[in-house]
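*Asks:* Following this line is coords_37.cif, made up of mmCIF, C-alpha atoms:
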```
data_work
#
loop_
_atom_site.group_PDB
_atom_site.id
_atom_site.type_symbol
_atom_site.label_atom_id
_atom_site.label_comp_id
_atom_site.auth_asym_id
_atom_site.auth_seq_id
_atom_site.Cartn_x
_atom_site.Cartn_y
_atom_site.Cartn_z
ATOM 1 C CA MET A 5 -12.752 -27.101 -11.980
ATOM 2 C CA ILE A 6 -9.132 -26.128 -11.277
ATOM 3 C CA VAL A 7 -8.422 -22.594 -10.132
ATOM 4 C CA GLY A 8 -4.816 -21.542 -10.493
ATOM 5 C CA MET A 9 -2.444 -18.658 -10.812
ATOM 6 C CA VAL A 10 0.724 -18.399 -12.824
ATOM 7 C CA GLY A 11 3.768 -17.712 -10.671
ATOM 8 C CA VAL A 12 4.370 -13.989 -10.197
ATOM 9 C CA GLU A 13 7.455 -12.280 -8.796
ATOM 10 C CA GLY A 14 7.752 -13.430 -5.209
ATOM 11 C CA THR A 15 5.000 -16.036 -5.380
ATOM 12 C CA LYS A 16 4.791 -19.704 -6.044
ATOM 13 C CA SER A 17 2.233 -21.101 -8.426
ATOM 14 C CA ALA A 18 -0.942 -21.802 -6.542
ATOM 15 C CA SER A 19 -3.698 -24.129 -7.508
ATOM 16 C CA SER A 20 -6.626 -25.487 -5.620
ATOM 17 C CA SER A 21 -9.653 -27.466 -6.566
ATOM 18 C CA LEU A 22 -13.167 -26.158 -6.234
ATOM 19 C CA THR A 23 -16.174 -28.285 -6.994
ATOM 20 C CA SER A 24 -19.843 -27.652 -6.536
ATOM 21 C CA THR A 25 -20.041 -30.525 -4.051
ATOM 22 C CA ASN A 26 -17.005 -29.738 -1.913
ATOM 23 C CA THR A 27 -16.170 -26.076 -1.411
ATOM 24 C CA SER A 28 -14.256 -26.685 1.813
ATOM 25 C CA THR A 29 -11.081 -27.496 -0.135
ATOM 26 C CA TRP A 30 -10.915 -24.060 -1.760
ATOM 27 C CA THR A 31 -8.081 -21.829 -0.644
ATOM 28 C CA PRO A 32 -7.545 -18.301 -1.862
ATOM 29 C CA PRO A 33 -4.817 -17.841 -4.479
ATOM 30 C CA ILE A 34 -1.504 -16.330 -3.510
ATOM 31 C CA THR A 35 -1.412 -12.567 -4.008
ATOM 32 C CA PRO A 36 1.144 -11.177 -6.485
ATOM 33 C CA THR A 37 4.047 -9.448 -4.768
ATOM 34 C CA LYS A 38 6.836 -6.975 -5.488
ATOM 35 C CA LEU A 39 10.391 -7.487 -4.281
ATOM 36 C CA LEU A 40 11.363 -4.483 -2.148
ATOM 37 C CA GLY A 41 14.892 -5.550 -1.338
ATOM 38 C CA MET A 42 16.675 -7.530 1.337
ATOM 39 C CA ASP A 43 16.206 -7.424 5.099
ATOM 40 C CA ILE A 44 19.057 -7.157 7.608
ATOM 41 C CA HIS A 45 19.545 -10.937 7.433
ATOM 42 C CA GLY A 46 19.895 -10.915 3.643
ATOM 43 C CA ASP A 47 16.456 -12.436 3.076
ATOM 44 C CA PRO A 48 14.192 -11.005 0.363
ATOM 45 C CA VAL A 49 11.286 -8.772 1.433
ATOM 46 C CA TYR A 50 8.170 -9.038 -0.715
ATOM 47 C CA MET A 51 5.202 -6.665 -0.517
ATOM 48 C CA PRO A 52 1.800 -7.924 -1.676
ATOM 49 C CA LEU A 53 0.390 -5.762 -4.464
ATOM 50 C CA ILE A 54 -3.159 -5.949 -3.089
ATOM 51 C CA GLY A 55 -3.990 -4.941 0.451
ATOM 52 C CA ALA A 56 -6.657 -3.812 2.879
ATOM 53 C CA GLY A 57 -6.670 -0.148 3.868
ATOM 54 C CA THR A 58 -7.973 1.240 7.143
ATOM 55 C CA TRP A 59 -8.119 5.005 6.527
ATOM 56 C CA GLN A 60 -11.160 6.700 8.093
ATOM 57 C CA TYR A 61 -12.043 3.549 10.075
ATOM 58 C CA ASN A 62 -12.410 3.569 13.832
ATOM 59 C CA ASP A 63 -11.091 0.595 15.820
ATOM 60 C CA THR A 64 -14.324 -1.395 15.427
ATOM 61 C CA MET A 65 -14.598 -0.817 11.684
ATOM 62 C CA ALA A 66 -10.911 -1.621 11.168
ATOM 63 C CA TYR A 67 -11.309 -4.837 13.144
ATOM 64 C CA GLU A 68 -14.380 -5.996 11.239
ATOM 65 C CA SER A 69 -12.992 -5.031 7.833
ATOM 66 C CA LEU A 70 -9.653 -6.756 8.398
ATOM 67 C CA CYS A 71 -11.251 -9.922 9.759
ATOM 68 C CA LYS A 72 -13.257 -10.160 6.531
ATOM 69 C CA ALA A 73 -10.174 -9.355 4.442
ATOM 70 C CA PHE A 74 -8.088 -12.037 6.187
ATOM 71 C CA ARG A 75 -10.839 -14.616 5.584
ATOM 72 C CA VAL A 76 -10.623 -14.080 1.818
ATOM 73 C CA GLY A 77 -6.838 -14.159 1.714
ATOM 74 C CA TYR A 78 -5.555 -10.613 2.192
ATOM 75 C CA ARG A 79 -2.058 -10.487 3.704
ATOM 76 C CA PHE A 80 -1.247 -6.755 3.346
ATOM 77 C CA VAL A 81 -2.598 -4.178 5.816
ATOM 78 C CA ASP A 82 -2.204 -0.431 5.361
ATOM 79 C CA THR A 83 -2.597 1.689 8.473
ATOM 80 C CA ALA A 84 -1.045 4.794 10.028
ATOM 81 C CA TYR A 85 -0.329 6.388 13.373
ATOM 82 C CA GLY A 86 -2.693 9.232 12.471
ATOM 83 C CA TYR A 87 -5.631 6.925 11.680
ATOM 84 C CA HIS A 88 -6.038 6.233 15.421
ATOM 85 C CA ASN A 89 -7.292 2.706 14.724
ATOM 86 C CA GLN A 90 -4.201 0.607 15.270
ATOM 87 C CA ARG A 91 -5.658 -1.099 18.344
ATOM 88 C CA GLY A 92 -8.482 -2.432 16.153
ATOM 89 C CA VAL A 93 -5.948 -3.451 13.516
ATOM 90 C CA GLY A 94 -3.886 -5.249 16.159
ATOM 91 C CA ARG A 95 -6.937 -7.065 17.539
ATOM 92 C CA ALA A 96 -7.887 -8.209 14.022
ATOM 93 C CA ILE A 97 -4.385 -9.554 13.444
ATOM 94 C CA HIS A 98 -4.499 -11.382 16.777
ATOM 95 C CA ASP A 99 -8.042 -12.730 16.479
ATOM 96 C CA CYS A 100 -8.553 -13.282 12.755
ATOM 97 C CA TYR A 101 -5.243 -13.693 10.944
ATOM 98 C CA ASP A 102 -4.408 -17.377 10.531
ATOM 99 C CA GLY A 103 -1.318 -17.183 8.336
ATOM 100 C CA THR A 104 2.301 -17.138 9.353
ATOM 101 C CA ARG A 105 4.127 -13.998 10.442
ATOM 102 C CA ASP A 106 6.351 -13.984 7.389
ATOM 103 C CA GLU A 107 3.261 -13.898 5.132
ATOM 104 C CA LEU A 108 1.835 -10.768 6.781
ATOM 105 C CA PHE A 109 2.904 -7.339 5.515
ATOM 106 C CA ILE A 110 1.915 -4.310 7.587
ATOM 107 C CA LEU A 111 2.510 -0.792 6.312
ATOM 108 C CA THR A 112 2.157 1.956 8.887
ATOM 109 C CA LYS A 113 3.121 5.582 8.700
ATOM 110 C CA ILE A 114 4.085 8.328 11.124
ATOM 111 C CA PRO A 115 3.731 12.100 10.720
ATOM 112 C CA GLY A 116 6.506 14.084 9.057
ATOM 113 C CA GLY A 117 8.553 16.718 10.827
ATOM 114 C CA LEU A 118 9.420 14.623 13.877
ATOM 115 C CA ASN A 119 12.827 14.658 15.496
ATOM 116 C CA THR A 120 14.747 11.435 16.137
ATOM 117 C CA SER A 121 13.306 10.755 19.591
ATOM 118 C CA GLN A 122 9.761 11.489 18.391
ATOM 119 C CA VAL A 123 10.201 9.061 15.486
ATOM 120 C CA GLN A 124 11.414 6.379 17.899
ATOM 121 C CA GLN A 125 8.494 7.064 20.255
ATOM 122 C CA ALA A 126 5.934 6.920 17.412
ATOM 123 C CA HIS A 127 7.327 3.585 16.171
ATOM 124 C CA GLU A 128 7.327 2.137 19.687
ATOM 125 C CA GLN A 129 3.686 3.155 20.073
ATOM 126 C CA ASN A 130 2.900 1.598 16.673
ATOM 127 C CA LEU A 131 4.456 -1.696 17.761
ATOM 128 C CA GLN A 132 2.632 -1.652 21.087
ATOM 129 C CA GLU A 133 -0.769 -0.993 19.514
ATOM 130 C CA LEU A 134 -0.317 -3.387 16.623
#
```
Rewrite the structure of this file - the entire thing - as structure tokens.

*Replies:*
Amino acid sequence: MIVGMVGVEGTKSASSSLTSTNTSTWTPPITPTKLLGMDIHGDPVYMPLIGAGTWQYNDTMAYESLCKAFRVGYRFVDTAYGYHNQRGVGRAIHDCYDGTRDELFILTKIPGGLNTSQVQQAHEQNLQEL
């Protein structure tokens, strides 16, 4: 049987074979994406339309959930400074993510009402923990 996906904005057509006798050749299909715009180098930035959220997870739960998500092909992680689980998210990326950096999309958020230096500090902490 052939499993495939029609090309979607920001994706290439993906097809892989899956037979009852050899399941090791199966690879998850490419997730549909949305073009967000261009990065500072002029390259397109695509966001996957399906992702794994980590709200209300502690570090351990975030780690376990994301490791499972990465195994089945997820490439989009939603987290936030206020979730207090970014160390678990970072460990899951390090230990379980086997794709390339340009295939991984991480969305993190910081609280509103911060001044410029607080925004910078929150982002630096995000980067350190992730």

*Asks:* For the file shown, report as a ChimeraX atom specification the outcome of the PyMOL selection byres ((chain A and resi 92) around 10) at residue level.

*Replies:* /A:58,61-70,88-91,93-98,133-134

*Asks:* One decimal, in Å: what's the spacing between atom CA of Leu40 of chain A and atom CA of Lys113 of chain A?

*Replies:*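 Atom CA of Lys113 of chain A lies at a distance of 16.9 Å from atom CA of Leu40 of chain A.
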
*Asks:* Nearest residue to Gly116 of chain A out of A:Met42, A:Cys71, A:Thr35, A:Tyr85, using all atoms listed in the file?

*Replies:*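 Answer, going by the shortest atom-to-atom distance: A:Tyr85.
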
*Asks:* Hey, what's within 7 Å of Gly57 of chain A if we count all atoms listed in the file and toss same-chain stuff fewer than 2 positions away? As a list in words, please?

*Replies:*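 Answer for this query is Gly55, Trp59, Val81, Asp82 and Thr83 of chain A.
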
*Asks:* Do you have the atom CA of Thr37 of chain A-atom CA of Phe80 of chain A distance handy?

*Replies:*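 For atom CA of Thr37 of chain A relative to atom CA of Phe80 of chain A, the distance reads 10.1 Å.
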
*Asks:* How far is it from atom CA of Ala56 of chain A to atom CA of Thr104 of chain A, in Å with one decimal?

*Replies:*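 Value for the atom CA of Ala56 of chain A-atom CA of Thr104 of chain A distance: 17.3 Å.
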
*Asks:* Selection in question (the file shown): the PyMOL selection byres ((chain A and resi 52) around 12). Which residues does it include, as a VMD selection string?

*Replies:* chain A and resid 12 to 15 34 to 40 49 to 51 53 to 56 77 to 82 106 to 111
